[in-house]
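Source file: coords-v6.cif (mmCIF, C-alpha atoms)
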data_data
#
loop_
_atom_site.group_PDB
_atom_site.id
_atom_site.type_symbol
_atom_site.label_atom_id
_atom_site.label_comp_id
_atom_site.auth_asym_id
_atom_site.auth_seq_id
_atom_site.Cartn_x
_atom_site.Cartn_y
_atom_site.Cartn_z
ATOM 1 C CA MET J 1 69.274 -56.947 25.144
ATOM 2 C CA ILE J 2 70.521 -55.820 21.736
ATOM 3 C CA ALA J 3 67.938 -56.421 18.993
ATOM 4 C CA ALA J 4 68.332 -55.743 15.269
ATOM 5 C CA LEU J 5 65.918 -55.392 12.366
ATOM 6 C CA ASN J 6 67.019 -54.838 8.758
ATOM 7 C CA ILE J 7 64.644 -54.322 5.835
ATOM 8 C CA ILE J 8 65.484 -53.964 2.128
ATOM 9 C CA THR J 9 62.833 -53.363 -0.551
ATOM 10 C CA GLN J 10 62.843 -53.106 -4.312
ATOM 11 C CA ALA J 11 60.356 -52.225 -7.045
ATOM 12 C CA THR J 12 59.696 -54.820 -9.729
ATOM 13 C CA ASN J 13 57.107 -54.275 -12.474
ATOM 14 C CA ASN J 14 55.699 -51.323 -10.506
ATOM 15 C CA ILE J 15 55.173 -53.491 -7.409
ATOM 16 C CA THR J 16 57.230 -53.033 -4.266
ATOM 17 C CA ILE J 17 58.471 -56.261 -2.744
ATOM 18 C CA LEU J 18 60.383 -57.166 0.376
ATOM 19 C CA LYS J 19 63.755 -58.079 -1.091
ATOM 20 C CA SER J 20 65.245 -59.222 2.187
ATOM 21 C CA SER J 21 64.788 -58.921 5.927
ATOM 22 C CA PHE J 22 66.782 -59.877 8.984
ATOM 23 C CA PHE J 23 65.745 -59.601 12.608
ATOM 24 C CA THR J 24 66.648 -60.864 16.053
ATOM 25 C CA THR J 25 64.448 -61.450 19.097
ATOM 26 C CA PRO J 26 62.164 -59.792 20.065
ATOM 27 C CA LEU J 27 61.828 -57.842 16.786
ATOM 28 C CA ARG J 28 60.397 -59.039 13.508
ATOM 29 C CA VAL J 29 58.628 -57.649 10.464
ATOM 30 C CA ALA J 30 55.271 -58.764 9.018
ATOM 31 C CA ASN J 31 54.063 -58.164 5.474
ATOM 32 C CA ILE J 32 50.447 -56.992 5.850
ATOM 33 C CA THR J 33 49.913 -55.900 2.245
ATOM 34 C CA GLU J 34 46.367 -56.855 1.258
ATOM 35 C CA ASN J 35 46.516 -56.080 -2.458
ATOM 36 C CA LYS J 36 49.576 -57.909 -3.723
ATOM 37 C CA GLN J 37 49.333 -56.050 -7.045
ATOM 38 C CA ALA J 38 49.430 -52.600 -5.463
ATOM 39 C CA HIS J 39 52.558 -50.545 -5.880
ATOM 40 C CA ALA J 40 52.980 -49.901 -2.160
ATOM 41 C CA LEU J 41 54.231 -52.463 0.342
ATOM 42 C CA ARG J 42 52.681 -52.391 3.833
ATOM 43 C CA LEU J 43 54.955 -53.653 6.592
ATOM 44 C CA MET J 44 54.362 -53.893 10.336
ATOM 45 C CA LEU J 45 57.110 -53.749 12.935
ATOM 46 C CA VAL J 46 56.286 -56.427 15.517
ATOM 47 C CA SER J 47 57.803 -57.185 18.906
ATOM 48 C CA SER J 48 57.254 -60.243 21.090
ATOM 49 C CA SER J 49 58.274 -58.165 24.115
ATOM 50 C CA PRO J 50 55.584 -56.270 26.065
ATOM 51 C CA GLY J 51 57.745 -53.159 25.749
ATOM 52 C CA ILE J 52 61.235 -51.715 25.979
ATOM 53 C CA LEU J 53 63.119 -52.874 29.077
ATOM 54 C CA ASP J 54 66.122 -51.545 30.970
ATOM 55 C CA ARG J 55 69.321 -51.545 28.872
ATOM 56 C CA ASP J 56 67.507 -52.650 25.720
ATOM 57 C CA GLU J 57 69.090 -51.439 22.467
ATOM 58 C CA TYR J 58 67.018 -51.582 19.295
ATOM 59 C CA ARG J 59 68.825 -51.094 15.982
ATOM 60 C CA ILE J 60 66.574 -50.714 12.934
ATOM 61 C CA ASN J 61 67.769 -50.222 9.356
ATOM 62 C CA VAL J 62 65.456 -49.667 6.378
ATOM 63 C CA THR J 63 66.690 -49.424 2.777
ATOM 64 C CA LEU J 64 64.214 -48.511 0.037
ATOM 65 C CA GLY J 65 65.229 -49.448 -3.478
ATOM 66 C CA GLU J 66 64.640 -47.085 -6.385
ATOM 67 C CA GLY J 67 60.927 -46.590 -7.047
ATOM 68 C CA SER J 68 59.880 -48.409 -3.858
ATOM 69 C CA ALA J 69 56.840 -47.275 -1.880
ATOM 70 C CA VAL J 70 56.534 -48.471 1.718
ATOM 71 C CA GLU J 71 53.983 -47.854 4.422
ATOM 72 C CA LEU J 72 55.607 -48.819 7.714
ATOM 73 C CA CYS J 73 53.451 -49.151 10.808
ATOM 74 C CA THR J 74 53.714 -50.576 14.316
ATOM 75 C CA GLN J 75 51.866 -53.283 16.187
ATOM 76 C CA SER J 76 50.684 -51.270 19.198
ATOM 77 C CA TYR J 77 51.613 -48.542 21.640
ATOM 78 C CA GLN J 78 55.317 -48.612 22.546
ATOM 79 C CA ARG J 79 55.705 -48.983 26.308
ATOM 80 C CA ILE J 80 58.978 -48.040 27.953
ATOM 81 C CA PHE J 81 59.100 -49.783 31.312
ATOM 82 C CA THR J 82 60.496 -48.639 34.662
ATOM 83 C CA MET J 83 64.291 -48.908 34.706
ATOM 84 C CA LYS J 84 67.422 -48.132 36.677
ATOM 85 C CA HIS J 85 69.620 -47.232 33.719
ATOM 86 C CA GLN J 86 68.569 -46.434 30.145
ATOM 87 C CA ALA J 87 67.195 -47.970 26.962
ATOM 88 C CA SER J 88 67.751 -46.758 23.420
ATOM 89 C CA GLN J 89 66.673 -47.142 19.821
ATOM 90 C CA ARG J 90 68.539 -46.185 16.673
ATOM 91 C CA MET J 91 66.757 -46.134 13.321
ATOM 92 C CA GLU J 92 68.418 -45.407 9.990
ATOM 93 C CA VAL J 93 66.558 -45.100 6.689
ATOM 94 C CA HIS J 94 68.085 -44.861 3.208
ATOM 95 C CA MET J 95 65.761 -43.842 0.362
ATOM 96 C CA ALA J 96 66.873 -44.385 -3.230
ATOM 97 C CA PRO J 97 65.585 -41.998 -5.951
ATOM 98 C CA ASN J 98 61.817 -41.973 -6.626
ATOM 99 C CA SER J 99 60.985 -43.856 -3.438
ATOM 100 C CA PHE J 100 58.357 -43.087 -0.807
ATOM 101 C CA LEU J 101 58.078 -43.869 2.885
ATOM 102 C CA SER J 102 55.219 -43.367 5.319
ATOM 103 C CA TYR J 103 56.062 -44.121 8.957
ATOM 104 C CA LEU J 104 53.449 -43.281 11.584
ATOM 105 C CA PRO J 105 54.192 -45.370 14.693
ATOM 106 C CA HIS J 106 51.788 -45.704 17.605
ATOM 107 C CA PRO J 107 52.306 -43.369 20.589
ATOM 108 C CA THR J 108 55.130 -43.977 23.051
ATOM 109 C CA VAL J 109 54.213 -44.476 26.724
ATOM 110 C CA PRO J 110 57.128 -44.064 29.174
ATOM 111 C CA HIS J 111 56.451 -45.579 32.606
ATOM 112 C CA THR J 112 57.675 -44.231 35.958
ATOM 113 C CA ASP J 113 61.484 -43.720 36.074
ATOM 114 C CA ALA J 114 61.915 -44.628 32.397
ATOM 115 C CA VAL J 115 64.966 -43.229 30.589
ATOM 116 C CA PHE J 116 64.949 -43.517 26.807
ATOM 117 C CA LYS J 117 66.922 -42.096 23.909
ATOM 118 C CA SER J 118 65.937 -42.444 20.264
ATOM 119 C CA VAL J 119 68.058 -41.428 17.276
ATOM 120 C CA ASN J 120 66.467 -41.415 13.825
ATOM 121 C CA ARG J 121 68.374 -40.571 10.648
ATOM 122 C CA VAL J 122 66.680 -40.501 7.250
ATOM 123 C CA TYR J 123 68.708 -40.117 4.059
ATOM 124 C CA VAL J 124 66.367 -38.937 1.297
ATOM 125 C CA GLY J 125 67.313 -39.347 -2.344
ATOM 126 C CA GLU J 126 66.188 -37.470 -5.443
ATOM 127 C CA ASN J 127 62.438 -37.103 -6.069
ATOM 128 C CA CYS J 128 61.413 -38.906 -2.876
ATOM 129 C CA GLY J 129 58.367 -38.491 -0.664
ATOM 130 C CA LEU J 130 58.420 -38.831 3.112
ATOM 131 C CA VAL J 131 55.726 -38.824 5.801
ATOM 132 C CA SER J 132 57.118 -39.328 9.309
ATOM 133 C CA GLY J 133 55.372 -38.959 12.659
ATOM 134 C CA GLU J 134 56.012 -39.289 16.376
ATOM 135 C CA ILE J 135 53.768 -39.109 19.456
ATOM 136 C CA ILE J 136 55.055 -38.909 23.025
ATOM 137 C CA THR J 137 52.657 -39.240 25.964
ATOM 138 C CA CYS J 138 52.993 -38.249 29.625
ATOM 139 C CA GLY J 139 52.915 -41.920 30.668
ATOM 140 C CA ARG J 140 50.096 -44.075 31.999
ATOM 141 C CA LYS J 141 47.748 -41.190 32.605
ATOM 142 C CA LEU J 142 44.844 -43.265 33.914
ATOM 143 C CA ASN J 143 47.210 -44.791 36.501
ATOM 144 C CA GLY J 144 48.191 -41.349 37.745
ATOM 145 C CA GLU J 145 51.665 -41.575 36.165
ATOM 146 C CA ILE J 146 51.703 -38.101 34.637
ATOM 147 C CA PHE J 147 55.271 -37.153 33.726
ATOM 148 C CA GLN J 148 56.726 -39.606 36.232
ATOM 149 C CA PHE J 149 59.411 -40.819 33.811
ATOM 150 C CA LYS J 150 62.938 -39.437 34.129
ATOM 151 C CA LYS J 151 63.899 -38.567 30.564
ATOM 152 C CA TYR J 152 62.734 -39.016 26.980
ATOM 153 C CA HIS J 153 65.109 -37.767 24.297
ATOM 154 C CA SER J 154 64.329 -38.129 20.598
ATOM 155 C CA LEU J 155 66.671 -36.836 17.898
ATOM 156 C CA THR J 156 65.549 -36.917 14.261
ATOM 157 C CA GLU J 157 67.803 -35.835 11.402
ATOM 158 C CA ILE J 158 66.680 -35.748 7.780
ATOM 159 C CA TYR J 159 69.260 -35.457 5.019
ATOM 160 C CA LEU J 160 68.219 -34.495 1.495
ATOM 161 C CA LEU J 161 70.787 -35.452 -1.143
ATOM 162 C CA GLY J 162 73.384 -35.661 1.602
ATOM 163 C CA LYS J 163 72.586 -32.283 3.192
ATOM 164 C CA LEU J 164 71.023 -31.959 6.642
ATOM 165 C CA VAL J 165 67.726 -30.105 6.105
ATOM 166 C CA ILE J 166 65.686 -30.901 9.245
ATOM 167 C CA LYS J 167 66.846 -31.578 12.786
ATOM 168 C CA GLU J 168 64.181 -32.322 15.375
ATOM 169 C CA ASN J 169 65.579 -32.454 18.919
ATOM 170 C CA LEU J 170 62.888 -33.346 21.460
ATOM 171 C CA LEU J 171 63.847 -33.566 25.127
ATOM 172 C CA VAL J 172 61.279 -34.179 27.857
ATOM 173 C CA ALA J 173 62.877 -34.353 31.295
ATOM 174 C CA PRO J 174 60.214 -33.748 33.971
ATOM 175 C CA GLY J 175 62.744 -33.585 36.798
ATOM 176 C CA GLU J 176 64.856 -30.956 35.029
ATOM 177 C CA ILE J 177 62.325 -28.869 33.069
ATOM 178 C CA ASP J 178 59.123 -27.140 34.172
ATOM 179 C CA LEU J 179 56.798 -28.678 31.606
ATOM 180 C CA GLN J 180 53.981 -26.305 32.506
ATOM 181 C CA ALA J 181 56.044 -23.215 31.717
ATOM 182 C CA ILE J 182 55.467 -20.971 28.705
ATOM 183 C CA GLY J 183 57.079 -22.530 25.668
ATOM 184 C CA GLN J 184 56.773 -26.032 27.130
ATOM 185 C CA MET J 185 53.646 -28.197 27.396
ATOM 186 C CA GLU J 186 51.593 -25.441 29.074
ATOM 187 C CA GLY J 187 49.044 -27.802 30.621
ATOM 188 C CA TYR J 188 48.933 -30.364 27.810
ATOM 189 C CA THR J 189 50.122 -33.930 28.369
ATOM 190 C CA HIS J 190 50.688 -35.306 24.851
ATOM 191 C CA GLN J 191 52.772 -34.074 21.931
ATOM 192 C CA ALA J 192 52.885 -35.122 18.284
ATOM 193 C CA THR J 193 55.058 -34.184 15.315
ATOM 194 C CA LEU J 194 54.489 -34.817 11.604
ATOM 195 C CA ILE J 195 57.126 -34.178 8.931
ATOM 196 C CA TYR J 196 56.220 -34.194 5.243
ATOM 197 C CA LEU J 197 58.662 -33.801 2.355
ATOM 198 C CA HIS J 198 57.834 -33.937 -1.325
ATOM 199 C CA PRO J 199 59.653 -32.199 -4.204
ATOM 200 C CA GLU J 200 56.487 -31.403 -6.190
ATOM 201 C CA ALA J 201 53.933 -30.639 -3.463
ATOM 202 C CA ALA J 202 52.147 -27.263 -3.424
ATOM 203 C CA VAL J 203 52.973 -26.773 0.238
ATOM 204 C CA GLN J 204 51.262 -23.386 0.658
ATOM 205 C CA LEU J 205 47.933 -24.757 -0.551
ATOM 206 C CA ILE J 206 48.357 -28.004 1.373
ATOM 207 C CA SER J 207 49.103 -26.090 4.573
ATOM 208 C CA THR J 208 45.754 -24.321 4.319
ATOM 209 C CA THR J 209 43.972 -27.667 3.931
ATOM 210 C CA LEU J 210 45.765 -29.091 6.969
ATOM 211 C CA VAL J 211 44.941 -26.045 9.104
ATOM 212 C CA ASN J 212 41.275 -26.263 8.093
ATOM 213 C CA PHE J 213 41.169 -29.880 9.264
ATOM 214 C CA LEU J 214 42.995 -29.249 12.547
ATOM 215 C CA GLU J 215 40.661 -26.370 13.398
ATOM 216 C CA THR J 216 37.808 -28.896 13.537
ATOM 217 C CA GLN J 217 39.560 -30.909 16.272
ATOM 218 C CA ALA J 218 38.585 -29.924 19.819
ATOM 219 C CA GLY J 219 41.046 -29.853 22.712
ATOM 220 C CA ILE J 220 44.301 -29.490 20.787
ATOM 221 C CA GLN J 221 46.780 -26.769 19.927
ATOM 222 C CA PHE J 222 48.774 -26.932 16.728
ATOM 223 C CA GLY J 223 51.307 -25.212 14.552
ATOM 224 C CA VAL J 224 51.901 -25.735 10.832
ATOM 225 C CA THR J 225 55.247 -24.560 9.440
ATOM 226 C CA LEU J 226 56.859 -24.756 6.015
ATOM 227 C CA ALA J 227 60.081 -26.761 6.053
ATOM 228 C CA PRO J 228 63.375 -25.242 4.790
ATOM 229 C CA VAL J 229 62.953 -27.497 1.741
ATOM 230 C CA ASN J 230 59.701 -28.326 -0.035
ATOM 231 C CA GLY J 231 57.735 -29.782 2.847
ATOM 232 C CA ILE J 232 55.721 -29.151 5.987
ATOM 233 C CA ILE J 233 56.308 -29.644 9.721
ATOM 234 C CA ILE J 234 53.321 -29.944 12.071
ATOM 235 C CA ARG J 235 53.313 -29.891 15.873
ATOM 236 C CA LEU J 236 50.308 -30.902 17.968
ATOM 237 C CA LEU J 237 49.588 -30.655 21.688
ATOM 238 C CA GLY J 238 46.699 -32.505 23.271
ATOM 239 C CA GLN J 239 45.405 -34.564 26.176
ATOM 240 C CA LYS J 240 44.713 -37.927 24.509
ATOM 241 C CA ALA J 241 47.014 -40.255 22.602
ATOM 242 C CA GLU J 242 44.155 -41.686 20.544
ATOM 243 C CA GLN J 243 43.149 -38.257 19.304
ATOM 244 C CA LEU J 244 46.657 -37.274 18.239
ATOM 245 C CA TYR J 245 47.205 -40.630 16.523
ATOM 246 C CA TYR J 246 43.899 -40.157 14.697
ATOM 247 C CA CYS J 247 44.937 -36.637 13.669
ATOM 248 C CA LEU J 248 48.302 -37.755 12.274
ATOM 249 C CA ASN J 249 46.682 -40.466 10.195
ATOM 250 C CA CYS J 250 44.032 -38.069 8.884
ATOM 251 C CA LEU J 251 46.685 -35.495 8.023
ATOM 252 C CA ALA J 252 48.686 -38.136 6.161
ATOM 253 C CA GLN J 253 45.646 -38.925 4.036
ATOM 254 C CA LEU J 254 45.392 -35.241 3.078
ATOM 255 C CA LEU J 255 48.987 -35.094 1.860
ATOM 256 C CA PRO J 256 49.507 -35.504 -1.903
ATOM 257 C CA GLN J 257 51.950 -38.221 -2.761
ATOM 258 C CA ASN J 258 54.218 -38.890 -5.666
ATOM 259 C CA SER J 259 52.655 -40.134 -8.904
ATOM 260 C CA LEU J 260 54.900 -43.175 -8.574
ATOM 261 C CA ILE J 261 52.957 -44.176 -5.474
ATOM 262 C CA LYS J 262 49.467 -43.248 -6.582
ATOM 263 C CA HIS J 263 48.243 -46.735 -5.673
ATOM 264 C CA ILE J 264 49.264 -46.535 -2.009
#
With the file now loaded, output its structure as structure tokens.
Amino acid sequence: MIAALNIITQATNNITILKSSFFTTPLRVANITENKQAHALRLMLVSSSPGILDRDEYRINVTLGEGSAVELCTQSYQRIFTMKHQASQRMEVHMAPNSFLSYLPHPTVPHTDAVFKSVNRVYVGENCGLVSGEIITCGRKLNGEIFQFKKYHSLTEIYLLGKLVIKENLLVAPGEIDLQAIGQMEGYTHQATLIYLHPEAAVQLISTTLVNFLETQAGIQFGVTLAPVNGIIIRLLGQKAEQLYYCLNCLAQLLPQNSLIKHI
């Protein structure tokens, strides 16, 4: 099944509104903004399907108008079911100047024999802020499905003013790679990534704050790296999806955001 979701926002009188949206089954978008006078718009990506099925293709496009601030979240964990072929998702985001996007989806859970490829491209304009996360699990751990899927490939490219500045290429193929080897998962079963970009952020000072928080979390390993532009990239390894999802959300709250989105 090919499913599409298109979102366009704009800022009017310092309030971000959903200018237009288009979606096809099983995808849709829900406006969950509680304070209608707040600058930021909170949107939830919703699916009527229990998960991604064999040969599914999801195509998601998000366009943020100038000065827009959007917090995009998901409904629940993303399950990728057992399949004979492959499923895929392509997400493209265009950010006009002075816009902000926070996108922290729930963890992805690939079932036995799942094959999935995700391509994410984010085009960041002038004076924009971005918080983007991803969590991949080993599968249904409590069912004994630890790395029983065939392949999970996630490619994320971030362009700043038209120039590629970050390329995140994550490939987990249990049948082809020794995931317990040095430089791989090394005994951990869950992995998370957080990318933060902001033109005015004091990234050195912020990095220290983030490290101090992560050092209080038991059972994880982490790395905090400065991005090639003004931003931070964080990698986490752990054993529990809930813990990593909690960590990403806590880290996001510690990240300073643009003055244009101070009400988020």
Using the chain letters and numbering of this document, enumerate as a compact mmCIF listing (two decimals) with C-alpha atoms, in the frame of the given file the residues selected by the PyMOL selection byres ((chain J and resi 238) around 12).
# COMPACT_ATOMS: atom_id res chain seq x y z
CA ILE J 135 53.77 -39.11 19.46
CA ILE J 136 55.06 -38.91 23.02
CA THR J 137 52.66 -39.24 25.96
CA CYS J 138 52.99 -38.25 29.62
CA MET J 185 53.65 -28.20 27.40
CA GLU J 186 51.59 -25.44 29.07
CA GLY J 187 49.04 -27.80 30.62
CA TYR J 188 48.93 -30.36 27.81
CA THR J 189 50.12 -33.93 28.37
CA HIS J 190 50.69 -35.31 24.85
CA GLN J 191 52.77 -34.07 21.93
CA ALA J 192 52.88 -35.12 18.28
CA THR J 193 55.06 -34.18 15.32
CA LEU J 214 43.00 -29.25 12.55
CA GLN J 217 39.56 -30.91 16.27
CA ALA J 218 38.58 -29.92 19.82
CA GLY J 219 41.05 -29.85 22.71
CA ILE J 220 44.30 -29.49 20.79
CA GLN J 221 46.78 -26.77 19.93
CA PHE J 222 48.77 -26.93 16.73
CA ARG J 235 53.31 -29.89 15.87
CA LEU J 236 50.31 -30.90 17.97
CA LEU J 237 49.59 -30.66 21.69
CA GLN J 239 45.40 -34.56 26.18
CA LYS J 240 44.71 -37.93 24.51
CA ALA J 241 47.01 -40.26 22.60
CA GLU J 242 44.16 -41.69 20.54
CA GLN J 243 43.15 -38.26 19.30
CA LEU J 244 46.66 -37.27 18.24
CA TYR J 245 47.20 -40.63 16.52
CA TYR J 246 43.90 -40.16 14.70
CA CYS J 247 44.94 -36.64 13.67
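Matched in the shown structure by the PyMOL selection byres ((chain J and resi 102) around 8): Val70, Glu71, Leu72, Phe100, Leu101, Tyr103, Leu104, Leu130, Val131 and Ser132 of chain J.
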(Q) As a check of understanding, name the residues that the PyMOL selection byres ((chain J and resi 7-16) around 7) selects in the supplied structure, as a PyMOL selection string. (A) chain J and resi 5-6+17-22+37-41+61-69
Keeping only C-alpha atoms, write the selected residues to a file as a compact mmCIF listing (two decimals), keeping the file's coordinate frame.
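Full text of out-v3.txt as output:
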# COMPACT_ATOMS: atom_id res chain seq x y z
CA LEU J 5 65.92 -55.39 12.37
CA ASN J 6 67.02 -54.84 8.76
CA ILE J 17 58.47 -56.26 -2.74
CA LEU J 18 60.38 -57.17 0.38
CA LYS J 19 63.76 -58.08 -1.09
CA SER J 20 65.24 -59.22 2.19
CA SER J 21 64.79 -58.92 5.93
CA PHE J 22 66.78 -59.88 8.98
CA GLN J 37 49.33 -56.05 -7.04
CA ALA J 38 49.43 -52.60 -5.46
CA HIS J 39 52.56 -50.54 -5.88
CA ALA J 40 52.98 -49.90 -2.16
CA LEU J 41 54.23 -52.46 0.34
CA ASN J 61 67.77 -50.22 9.36
CA VAL J 62 65.46 -49.67 6.38
CA THR J 63 66.69 -49.42 2.78
CA LEU J 64 64.21 -48.51 0.04
CA GLY J 65 65.23 -49.45 -3.48
CA GLU J 66 64.64 -47.08 -6.38
CA GLY J 67 60.93 -46.59 -7.05
CA SER J 68 59.88 -48.41 -3.86
CA ALA J 69 56.84 -47.28 -1.88
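Atom CA of J:Phe116 is found 25.9 Å from atom CA of J:Gly223.
When only C-alpha atoms are used to measure the gap to J:Tyr123, the shortest distance among J:Ser88, J:Ser49, J:Thr209, J:Ser99 belongs to J:Ser99.
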Q. Hey, what's within 8 Å of J:Asn31 if we count all atoms listed in the file and toss same-chain stuff fewer than 4 positions away? As a PyMOL selection string, please?
A. chain J and resi 41-44
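Contact shell of J:Thr225 at 9 Å (all atoms listed in the file; same-chain neighbours under 2 positions omitted): Ser207, Gly223, Ala227, Gly231, Ile232, Ile233, Ile234 and Arg235 of chain J.
Counting only C-alpha atoms and comparing J:Val172, J:Ala114, J:Ile195, J:Ile80, the residue that lies closest to J:Pro50 is J:Ile80.
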Q: For the point (56.0, -37.8, 29.4) in the file's frame, write as a PyMOL selection string all residues with an atom no more than 10 Å away, counting all atoms listed in the file.
A: chain J and resi 108-112+114+136-141+145-152+171-174+179+189-191
Skip J:Glu157 itself and residues of its chain fewer than 3 positions away, then list as an mmCIF file with C-alpha atoms, keeping the file's coordinate frame all residues within 7 Å of it, counting only C-alpha atoms.
data_model
loop_
_atom_site.group_PDB
_atom_site.id
_atom_site.type_symbol
_atom_site.label_atom_id
_atom_site.label_comp_id
_atom_site.auth_asym_id
_atom_site.auth_seq_id
_atom_site.Cartn_x
_atom_site.Cartn_y
_atom_site.Cartn_z
ATOM 1 C CA ASN J 120 66.467 -41.415 13.825
ATOM 2 C CA ARG J 121 68.374 -40.571 10.648
ATOM 3 C CA VAL J 122 66.680 -40.501 7.250
ATOM 4 C CA LEU J 164 71.023 -31.959 6.642
ATOM 5 C CA ILE J 166 65.686 -30.901 9.245
ATOM 6 C CA LYS J 167 66.846 -31.578 12.786
ATOM 7 C CA GLU J 168 64.181 -32.322 15.375
#
Q | Residue contacts of J:Ile60 (9 Å, only C-alpha atoms) excluding same-chain residues fewer than 6 positions away, as a list of chain:residue names | A | J:Ala3, J:Ala4, J:Leu5, J:Asn6, J:Ile7, J:Phe23, J:Gln89, J:Arg90, J:Met91, J:Glu92, J:Val93
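Remark: for J:Ala96, the closest of the candidate residues J:Asp54, J:Asp178, J:Glu126, J:Glu200 is J:Glu126 (distances computed over only C-alpha atoms).
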